[in-house]
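Have a look at query-v3.txt below; it lists compact mmCIF, C-alpha atoms and all ligand atoms.
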```txt
# COMPACT_ATOMS: atom_id res chain seq x y z
CA MET A 12 -39.33 73.64 17.21
CA SER A 13 -37.50 70.36 17.16
CA THR A 14 -37.15 68.67 20.55
CA ASP A 15 -33.51 68.02 19.81
CA LEU A 16 -32.61 71.70 19.49
CA HIS A 17 -34.69 72.66 22.53
CA THR A 18 -33.03 69.95 24.62
CA PHE A 19 -29.62 70.89 23.28
CA MET A 20 -30.01 74.53 24.38
CA ASP A 21 -31.84 73.72 27.61
CA ARG A 22 -29.06 71.40 28.77
CA ASN A 23 -26.43 74.00 27.87
CA GLU A 24 -24.91 71.53 25.45
CA HIS A 25 -24.21 74.49 23.15
CA LEU A 26 -21.53 75.84 25.50
CA THR A 27 -18.13 75.75 23.84
CA GLY A 28 -15.91 77.35 26.48
CA ASP A 29 -15.79 80.66 24.58
CA ASP A 30 -18.32 83.16 26.02
CA ARG A 31 -18.40 85.28 22.89
CA MET A 32 -19.27 82.29 20.75
CA ASP A 33 -21.84 81.01 23.23
CA ARG A 34 -23.69 84.35 23.34
CA VAL A 35 -23.85 84.48 19.55
CA HIS A 36 -25.21 80.94 19.44
CA GLU A 37 -27.91 81.85 21.97
CA GLU A 38 -28.88 84.79 19.77
CA PHE A 39 -29.02 82.50 16.74
CA HIS A 40 -31.37 80.21 18.62
CA LEU A 41 -33.66 83.09 19.62
CA LEU A 42 -33.77 84.44 16.06
CA LEU A 43 -34.60 80.98 14.77
CA LEU A 44 -37.45 80.74 17.30
CA ALA A 45 -38.68 84.16 16.17
CA LEU A 46 -38.60 83.04 12.54
CA ARG A 47 -40.57 79.89 13.38
CA ALA A 48 -43.19 81.97 15.23
CA ALA A 49 -43.43 84.76 12.64
CA PRO A 50 -46.74 85.13 10.79
CA ALA A 51 -46.46 84.80 7.02
CA ASP A 52 -46.42 88.54 6.40
CA GLN A 53 -43.47 88.99 8.79
CA ALA A 54 -41.46 85.94 7.77
CA ALA A 55 -39.22 87.81 5.29
CA THR A 56 -38.29 90.37 7.98
CA ALA A 57 -37.62 87.65 10.55
CA LEU A 58 -35.46 85.77 8.06
CA LEU A 59 -33.58 88.96 7.19
CA ASP A 60 -32.84 89.44 10.92
CA LEU A 61 -31.48 85.89 11.02
CA ILE A 62 -29.39 86.51 7.88
CA THR A 63 -27.90 89.72 9.31
CA HIS A 64 -27.00 87.95 12.53
CA THR A 65 -25.66 84.86 10.74
CA ARG A 66 -23.50 86.87 8.37
CA ASP A 67 -21.74 88.51 11.35
CA HIS A 68 -21.65 85.25 13.32
CA PHE A 69 -19.96 83.32 10.50
CA ALA A 70 -17.69 86.22 9.52
CA GLN A 71 -16.37 86.41 13.09
CA GLU A 72 -15.62 82.70 13.25
CA ASP A 73 -14.06 82.74 9.75
CA THR A 74 -11.85 85.67 10.83
CA TRP A 75 -10.71 83.83 13.96
CA MET A 76 -9.89 80.74 11.90
CA ARG A 77 -7.92 82.69 9.29
CA ASP A 78 -6.18 85.12 11.66
CA LEU A 79 -5.15 82.38 14.07
CA ASP A 80 -4.18 80.05 11.24
CA TYR A 81 -6.57 77.35 12.47
CA PRO A 82 -5.41 74.21 10.69
CA ILE A 83 -8.79 72.58 9.90
CA ARG A 84 -10.70 75.64 8.80
CA ASP A 85 -11.65 74.88 5.20
CA CYS A 86 -14.66 72.60 5.79
CA HIS A 87 -15.93 74.87 8.58
CA ILE A 88 -15.73 78.00 6.40
CA GLN A 89 -17.31 76.08 3.53
CA GLU A 90 -20.23 74.97 5.71
CA HIS A 91 -20.82 78.57 6.82
CA ALA A 92 -20.93 79.72 3.18
CA GLU A 93 -23.42 76.99 2.22
CA VAL A 94 -25.78 77.72 5.12
CA LEU A 95 -25.70 81.47 4.47
CA ALA A 96 -26.39 80.89 0.76
CA SER A 97 -29.45 78.77 1.67
CA LEU A 98 -30.79 81.50 3.94
CA VAL A 99 -30.38 84.12 1.21
CA GLN A 100 -32.05 81.89 -1.40
CA VAL A 101 -35.10 81.30 0.76
CA HIS A 102 -35.28 85.01 1.59
CA GLU A 103 -35.34 85.82 -2.14
CA ARG A 104 -38.23 83.39 -2.57
CA LEU A 105 -40.11 84.92 0.37
CA CYS A 106 -39.72 88.33 -1.23
CA GLN A 107 -41.47 86.87 -4.29
CA ASN A 108 -44.24 85.67 -1.98
CA ASP A 109 -43.15 82.04 -2.31
CA HIS A 110 -43.21 80.54 1.20
CA ARG A 111 -42.88 76.87 0.26
CA ALA A 112 -39.20 76.49 1.16
CA LEU A 113 -39.42 78.17 4.57
CA PRO A 114 -40.61 75.24 6.75
CA ARG A 115 -37.92 73.01 5.22
CA LEU A 116 -35.27 75.65 5.91
CA ILE A 117 -36.31 76.04 9.55
CA HIS A 118 -36.29 72.30 10.07
CA ALA A 119 -32.91 71.96 8.37
CA LEU A 120 -31.41 74.72 10.55
CA GLU A 121 -32.77 73.10 13.73
CA ASP A 122 -31.21 69.80 12.67
CA TRP A 123 -27.93 71.32 11.55
CA PHE A 124 -27.16 73.70 14.43
CA PRO A 125 -26.40 71.28 17.32
CA GLY A 126 -24.01 69.20 15.25
CA HIS A 127 -22.22 72.26 13.89
CA VAL A 128 -21.74 73.69 17.38
CA GLN A 129 -20.67 70.42 18.97
CA HIS A 130 -18.27 69.34 16.24
CA LEU A 131 -16.93 72.39 14.43
CA ASP A 132 -17.45 75.39 16.74
CA SER A 133 -16.46 73.52 19.91
CA ALA A 134 -13.28 72.29 18.25
CA LEU A 135 -12.46 75.87 17.23
CA ALA A 136 -13.19 77.20 20.74
CA GLN A 137 -11.02 74.55 22.37
CA TRP A 138 -8.22 75.25 19.95
CA MET A 139 -8.42 79.01 20.65
CA VAL A 140 -8.34 78.44 24.42
CA ARG A 141 -5.43 76.03 24.10
CA ARG A 142 -3.56 78.48 21.92
CA GLN A 143 -4.21 81.45 24.22
CA TRP A 144 -3.82 79.78 27.63
CA ASN A 145 -2.21 76.47 26.85
CA ALA A 146 -5.19 74.85 28.64
CA GLN A 147 -8.50 73.08 27.96
CA PRO A 148 -11.76 75.03 28.50
CA ILE A 149 -13.89 73.91 31.44
CA MET A 150 -17.65 73.75 30.87
CA LEU A 151 -20.23 73.23 33.59
CA ARG A 152 -23.46 71.81 32.24
CA ARG A 153 -26.69 70.77 33.83
CA ASN A 154 -26.69 67.00 34.20
CA ALA A 155 -29.16 65.54 31.69
CA ALA A 156 -30.43 63.11 34.35
CA SER A 157 -31.07 65.81 36.98
CA PRO A 158 -34.67 66.81 37.65
CA THR A 159 -35.57 70.31 36.43
CA PRO A 160 -35.93 72.70 39.40
FE FE B 1 -21.02 79.35 15.39
FE FE B 2 -19.25 77.78 12.90
```
Entire entry expressed as structure tokens:
Amino acid sequence: MSTDLHTFMDRNEHLTGDDRMDRVHEEFHLLLLALRAAPADQAATALLDLITHTRDHFAQEDTWMRDLDYPIRDCHIQEHAEVLASLVQVHERLCQNDHRALPRLIHALEDWFPGHVQHLDSALAQWMVRRQWNAQPIMLRRNAASPTP
């Protein structure tokens, strides 16, 4: 697993201010860890679990953006569609016993996820909170400089 993603989750930098979104992102992380750890003969199943989760995860965010008329939704929805298409493509290759693309996919997801959460999902969460409560979300995070207990 990439140090960046581990550090990102460990420091709670994935928190957006929306509990529902944060829980889904934690699940995504766990499923990605499970995919990385899966032996070759279980990789297709682990990837299918990730696809099932991701389809719901992205569909929920896309629905929020459309239903709430979120003004900068197009690039976010587009990014979801591209990531999901990549997952499905690699799953099709795994089903044909071609595992060559899997390590690249895992690495790409580990690189992509923190930026997506911090830039696109956090902006959506803040906008939803502002719209609902006319306020900014408050997030308490472990200080990066603090020693681990
Ligand atoms: Fe998300
Ligand atoms: Fe998203």
Around segment 59-74 of chain A, with edges along x, y and z and 3 Å added on all six sides, what centre and edge lengths do you get, in Å to one decimal, as AutoDock Vina command-line options?
```
--center_x -22.7 --center_y 86.2 --center_z 10.3 --size_x 27.7 --size_y 13.0 --size_z 12.1
```
Protein and nucleic acid residues within 10 Å of ligand FE 2 (chain B) (all atoms listed in the file) as a compact mmCIF listing (two decimals) with C-alpha atoms, in the frame of the given file:
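File pocket_4.txt, as written:
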```
# COMPACT_ATOMS: atom_id res chain seq x y z
CA MET A 32 -19.27 82.29 20.75
CA HIS A 36 -25.21 80.94 19.44
CA THR A 65 -25.66 84.86 10.74
CA HIS A 68 -21.65 85.25 13.32
CA PHE A 69 -19.96 83.32 10.50
CA ALA A 70 -17.69 86.22 9.52
CA GLN A 71 -16.37 86.41 13.09
CA GLU A 72 -15.62 82.70 13.25
CA ASP A 73 -14.06 82.74 9.75
CA MET A 76 -9.89 80.74 11.90
CA ARG A 84 -10.70 75.64 8.80
CA CYS A 86 -14.66 72.60 5.79
CA HIS A 87 -15.93 74.87 8.58
CA ILE A 88 -15.73 78.00 6.40
CA GLN A 89 -17.31 76.08 3.53
CA GLU A 90 -20.23 74.97 5.71
CA HIS A 91 -20.82 78.57 6.82
CA PHE A 124 -27.16 73.70 14.43
CA HIS A 127 -22.22 72.26 13.89
CA VAL A 128 -21.74 73.69 17.38
CA GLN A 129 -20.67 70.42 18.97
CA HIS A 130 -18.27 69.34 16.24
CA LEU A 131 -16.93 72.39 14.43
CA ASP A 132 -17.45 75.39 16.74
CA SER A 133 -16.46 73.52 19.91
CA ALA A 134 -13.28 72.29 18.25
CA LEU A 135 -12.46 75.87 17.23
CA ALA A 136 -13.19 77.20 20.74
```
Query raised in the report: atom CA of Asp29 of chain A and atom CA of Leu46 of chain A, how far apart in Å?
Result: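 Interatomic distance here is 25.9 Å.
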Query raised in the report: Nearest to Asp52 of chain A among A:Arg22, A:Arg115, A:His110, A:His17, with distances taken over all atoms listed in the file: which residue is it?
Result: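 Closest candidate: A:His110.
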Report summary line: Correct to one decimal, the distance atom CA of Glu38 of chain A-atom CA of Val101 of chain A is 20.3 Å
Requested in this report: Name the closest residue to Ala119 of chain A among the candidates A:Ala57, A:Val140, A:Leu41, A:Val94; distances are taken between atoms, counting only C-alpha atoms.
Outcome: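 Between A:Ala57, A:Val140, A:Leu41, A:Val94, the residue approaching Ala119 of chain A most closely is A:Val94.
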**Report entry** Atomic distance atom CA of Ile62 of chain A - atom CA of Pro114 of chain A, expressed in Å with one decimal
**Finding:** 15.9 Å
Report summary line: Using all atoms listed in the file, the best pick from A:Leu95, A:Ile83, A:Glu37, A:Asp30 as closest to Pro125 of chain A would be A:Glu37
Report summary line: Restricting to only C-alpha atoms and all ligand atoms, whichever of A:Arg66, A:Arg104, A:Arg47, A:Arg142 is closest to ligand FE 1 (chain B) is A:Arg66
Take the point (-33.9, 76.2, 13.5) in the file's coordinates, draw a sphere of radius 6 Å around it, and report as a compact mmCIF listing (two decimals) with C-alpha atoms, in the coordinates of the input every protein, DNA or RNA residue with an atom inside or on it, counting all atoms listed in the file.
```
# COMPACT_ATOMS: atom_id res chain seq x y z
CA LEU A 43 -34.60 80.98 14.77
CA ILE A 117 -36.31 76.04 9.55
CA HIS A 118 -36.29 72.30 10.07
CA LEU A 120 -31.41 74.72 10.55
CA GLU A 121 -32.77 73.10 13.73
```
Report summary line: Of A:Asn145, A:Thr74, A:Asn108, A:Ser97, the one sitting nearest Leu61 of chain A when using only C-alpha atoms is A:Ser97
